[in-house]
$ cat model.pdb   # PDB, C-alpha atoms
MODEL        1
ATOM      1  CA  ALA A   4     -10.525   3.668  -4.758
ATOM      2  CA  PRO A   5     -13.433   2.498  -6.939
ATOM      3  CA  ARG A   6     -11.024   0.302  -8.930
ATOM      4  CA  ILE A   7      -9.419  -1.370  -5.897
ATOM      5  CA  LEU A   8     -11.164  -4.710  -5.563
ATOM      6  CA  ASN A   9      -9.770  -5.452  -2.096
ATOM      7  CA  LEU A  10     -10.122  -1.886  -0.793
ATOM      8  CA  GLY A  11     -10.915  -2.891   2.781
ATOM      9  CA  GLU A  12      -7.801  -5.016   3.084
ATOM     10  CA  TRP A  13      -5.590  -2.513   1.228
ATOM     11  CA  ARG A  14      -6.900   0.442   3.260
ATOM     12  CA  SER A  15      -6.279  -1.433   6.503
ATOM     13  CA  HIS A  16      -2.744  -2.273   5.353
ATOM     14  CA  LEU A  17      -1.923   1.343   4.471
ATOM     15  CA  LEU A  18      -3.393   2.709   7.705
ATOM     16  CA  HIS A  19      -1.409   0.161   9.704
ATOM     17  CA  ARG A  20       1.834   1.197   7.969
ATOM     18  CA  LEU A  21       1.106   4.882   8.520
ATOM     19  CA  HIS A  22       0.200   4.292  12.170
ATOM     20  CA  ARG A  23       3.479   2.422  12.645
ATOM     21  CA  GLN A  24       5.400   5.382  11.217
ATOM     22  CA  VAL A  25       3.585   7.727  13.599
ATOM     23  CA  GLN A  26       4.524   5.506  16.551
ATOM     24  CA  LEU A  27       8.165   5.208  15.451
ATOM     25  CA  THR A  28       8.715   8.890  14.738
ATOM     26  CA  GLY A  29       6.258  10.734  16.977
ATOM     27  CA  ASP A  30       5.803  13.122  14.045
ATOM     28  CA  ASP A  31       2.774  15.381  14.582
ATOM     29  CA  GLU A  32       2.292  15.939  10.837
ATOM     30  CA  LEU A  33       2.176  12.187  10.207
ATOM     31  CA  ALA A  34      -0.293  11.825  13.075
ATOM     32  CA  ALA A  35      -2.499  14.503  11.489
ATOM     33  CA  LEU A  36      -2.218  12.714   8.127
ATOM     34  CA  TYR A  37      -3.223   9.431   9.758
ATOM     35  CA  ASP A  38      -6.272  11.062  11.360
ATOM     36  CA  GLU A  39      -7.274  12.616   8.033
ATOM     37  CA  VAL A  40      -6.853   9.432   5.978
ATOM     38  CA  ALA A  41      -8.549   7.265   8.615
ATOM     39  CA  GLY A  42     -11.562   9.561   8.301
ATOM     40  CA  TYR A  43     -11.928   8.992   4.552
ATOM     41  CA  PRO A  44     -14.975   6.946   3.620
ATOM     42  CA  GLY A  45     -14.265   3.331   2.891
ATOM     43  CA  PRO A  46     -15.690  -0.124   3.193
ATOM     44  CA  ALA A  47     -16.198  -1.689   6.570
ATOM     45  CA  VAL A  48     -13.363  -4.098   7.210
ATOM     46  CA  SER A  49     -14.187  -7.509   8.569
ATOM     47  CA  GLY A  50     -11.736  -9.406  10.721
ATOM     48  CA  ALA A  51     -11.023 -11.707   7.771
ATOM     49  CA  GLU A  52      -9.867  -8.726   5.675
ATOM     50  CA  ILE A  53      -7.497  -7.207   8.207
ATOM     51  CA  PRO A  54      -3.991  -8.153   7.138
ATOM     52  CA  ASP A  55      -1.630  -9.586   9.705
ATOM     53  CA  PRO A  56       0.730  -6.738  10.708
ATOM     54  CA  GLY A  57       3.630  -9.158  10.303
ATOM     55  CA  ALA A  58       2.535 -10.297   6.863
ATOM     56  CA  ILE A  59       5.263 -10.274   4.283
ATOM     57  CA  MET A  60       2.938  -9.002   1.589
ATOM     58  CA  VAL A  61      -0.565  -7.788   0.973
ATOM     59  CA  GLN A  62      -1.703  -8.040  -2.605
ATOM     60  CA  LEU A  63      -3.382  -5.179  -4.433
ATOM     61  CA  HIS A  64      -6.214  -6.198  -6.782
ATOM     62  CA  VAL A  65      -7.462  -3.570  -9.223
ATOM     63  CA  SER A  66      -9.900  -3.547 -12.119
ATOM     64  CA  THR A  67      -9.161  -1.831 -15.396
ATOM     65  CA  SER A  68     -11.576   0.307 -17.374
ATOM     66  CA  ASP A  69     -12.044  -2.590 -19.807
ATOM     67  CA  GLY A  70     -12.982  -5.078 -17.083
ATOM     68  CA  HIS A  71      -9.710  -6.912 -16.517
ATOM     69  CA  GLU A  72      -8.340  -7.666 -13.063
ATOM     70  CA  LEU A  73      -4.719  -6.918 -12.253
ATOM     71  CA  HIS A  74      -2.974  -8.400  -9.225
ATOM     72  CA  PHE A  75       0.145  -6.849  -7.706
ATOM     73  CA  PHE A  76       2.467  -7.238  -4.781
ATOM     74  CA  SER A  77       4.690  -4.447  -3.589
ATOM     75  CA  THR A  78       7.993  -4.007  -1.890
ATOM     76  CA  VAL A  79       9.011  -1.037   0.206
ATOM     77  CA  THR A  80      12.628   0.016   0.406
ATOM     78  CA  THR A  81      13.544   2.505   3.104
ATOM     79  CA  PHE A  82      16.829   4.347   2.997
ATOM     80  CA  GLY A  83      18.138   5.345   6.385
ATOM     81  CA  THR A  84      21.474   6.958   7.002
ATOM     82  CA  ALA A  85      22.839   9.255   9.658
ATOM     83  CA  VAL A  86      25.234  10.799   7.149
ATOM     84  CA  ASP A  87      22.876  12.205   4.522
ATOM     85  CA  VAL A  88      19.707  13.790   5.884
ATOM     86  CA  THR A  89      18.267  14.225   2.362
ATOM     87  CA  VAL A  90      17.697  10.481   1.996
ATOM     88  CA  SER A  91      17.185   9.633   5.652
ATOM     89  CA  GLU A  92      13.972   7.608   5.981
ATOM     90  CA  LEU A  93      13.145   8.004   2.286
ATOM     91  CA  SER A  94      10.829   5.142   1.285
ATOM     92  CA  VAL A  95      10.109   3.900  -2.221
ATOM     93  CA  GLU A  96       7.297   1.451  -2.925
ATOM     94  CA  ALA A  97       7.417  -0.578  -6.134
ATOM     95  CA  PHE A  98       4.573  -2.715  -7.484
ATOM     96  CA  PHE A  99       5.126  -5.948  -9.382
ATOM     97  CA  PRO A 100       2.676  -8.283 -11.132
ATOM     98  CA  SER A 101       1.799 -11.239  -8.919
ATOM     99  CA  ASP A 102       0.522 -13.488 -11.686
ATOM    100  CA  SER A 103       1.287 -14.195 -15.330
ATOM    101  CA  ALA A 104      -2.016 -12.718 -16.560
ATOM    102  CA  THR A 105      -1.166  -9.350 -14.980
ATOM    103  CA  ALA A 106       2.400  -9.458 -16.329
ATOM    104  CA  THR A 107       1.120 -10.201 -19.833
ATOM    105  CA  ARG A 108      -1.483  -7.451 -19.625
ATOM    106  CA  LEU A 109       1.134  -4.901 -18.531
ATOM    107  CA  GLN A 110       3.478  -5.900 -21.345
ATOM    108  CA  GLN A 111       0.675  -5.410 -23.864
ATOM    109  CA  GLY A 112       0.179  -1.833 -22.663
TER     110      GLY A 112
ENDMDL
END
$ encode --input "model.pdb" --output "structure tokens"
Amino acid sequence: APRILNLGEWRSHLLHRLHRQVQLTGDDELAALYDEVAGYPGPAVSGAEIPDPGAIMVQLHVSTSDGHELHFFSTVTTFGTAVDVTVSELSVEAFFPSDSATATRLQQG
């Protein structure tokens, strides 16, 4: 968390996604997880930082140990099938560089 430059916005985004999953599934374990994570300390979120629930993307801005800023966007793919319960509702989130400076920095290692 100390390296996330837009922690308020990112935290709000993650809590919103988790809350949505709780509402969709009614899963008590997810509800308990939401309550636990919502109780973690974090920055106060102003109205300007709260992402629109319908937003296509919320960027993640992080700082590196050597003072660089990296900017990412993510995509979430959810697999849902009635045939195979092992992959039903499996979600994978992938992060991609959202600017050329971040892409270059990642390629440099």
$ atom_distance --input "model.pdb" --atom1 "CA of Arg20 in chain A" --atom2 "CA of Tyr37 in chain A"
9.8 Å
$ residues_around --input "model.pdb" --residues "His74 in chain A" --least-positions-apart "2" --cutoff "8 Å" --atoms "only C-alpha atoms" --output "JSON, numbers by chain"
{"A": [62, 63, 64, 65, 72, 76, 100, 101, 102, 105]}
$ atom_distance --input "model.pdb" --atom1 "CA of Pro44 in chain A" --atom2 "CA of Ala4 in chain A"
10.0 Å
$ residues_around --input "model.pdb" --residues "Glu96 in chain A" --least-positions-apart "6" --cutoff "8 Å" --atoms "all atoms listed in the file" --output "PyMOL selection string"
chain A and resi 77-80
$ write_last_selection --input "model.pdb" --atoms "C-alpha atoms" --output "short mmCIF file (atom, residue, chain, number, x, y, z; two decimals), in the coordinates of the input"
data_model
loop_
_atom_site.label_atom_id
_atom_site.label_comp_id
_atom_site.auth_asym_id
_atom_site.auth_seq_id
_atom_site.Cartn_x
_atom_site.Cartn_y
_atom_site.Cartn_z
CA SER A 77 4.69 -4.45 -3.59
CA THR A 78 7.99 -4.01 -1.89
CA VAL A 79 9.01 -1.04 0.21
CA THR A 80 12.63 0.02 0.41
#
$ atom_distance --input "model.pdb" --atom1 "CA of Glu92 in chain A" --atom2 "CA of Leu27 in chain A"
11.4 Å
$ residues_around --input "model.pdb" --residues "Val40 in chain A" --least-positions-apart "4" --cutoff "10 Å" --atoms "all atoms listed in the file" --output "count of residues only"
8
$ resolve_selection --input "model.pdb" --expression "the PyMOL selection byres ((chain A and resi 82) around 6)" --output "mmCIF file with C-alpha atoms, keeping the file's coordinate frame"
data_model
loop_
_atom_site.group_PDB
_atom_site.id
_atom_site.type_symbol
_atom_site.label_atom_id
_atom_site.label_comp_id
_atom_site.auth_asym_id
_atom_site.auth_seq_id
_atom_site.Cartn_x
_atom_site.Cartn_y
_atom_site.Cartn_z
ATOM 1 C CA THR A 81 13.544 2.505 3.104
ATOM 2 C CA GLY A 83 18.138 5.345 6.385
ATOM 3 C CA SER A 91 17.185 9.633 5.652
ATOM 4 C CA GLU A 92 13.972 7.608 5.981
ATOM 5 C CA LEU A 93 13.145 8.004 2.286
#
$ closest_residue --input "model.pdb" --among "A:Thr67, A:Gln110, A:Ser94, A:Ala104" --to "Gln24 in chain A" --atoms "all atoms listed in the file"
A:Ser94
$ closest_residue --input "model.pdb" --among "A:Val95, A:Ala41, A:Val25, A:Leu109" --to "His71 in chain A" --atoms "all atoms listed in the file"
A:Leu109
$ closest_residue --input "model.pdb" --among "A:Val61, A:Ala106, A:Leu73, A:Leu33" --to "Ile7 in chain A" --atoms "all atoms listed in the file"
A:Leu73
$ closest_residue --input "model.pdb" --among "A:Gly45, A:Asp38, A:Ala97, A:Arg23" --to "Gly11 in chain A" --atoms "all atoms listed in the file"
A:Gly45
$ axis_aligned_box --input "model.pdb" --around "range 15-27 of chain A" --padding-each-side "5 Å" --output "JSON"
{"center_x": 0.9, "center_y": 2.7, "center_z": 10.5, "size_x": 24.4, "size_y": 20.0, "size_z": 22.1}
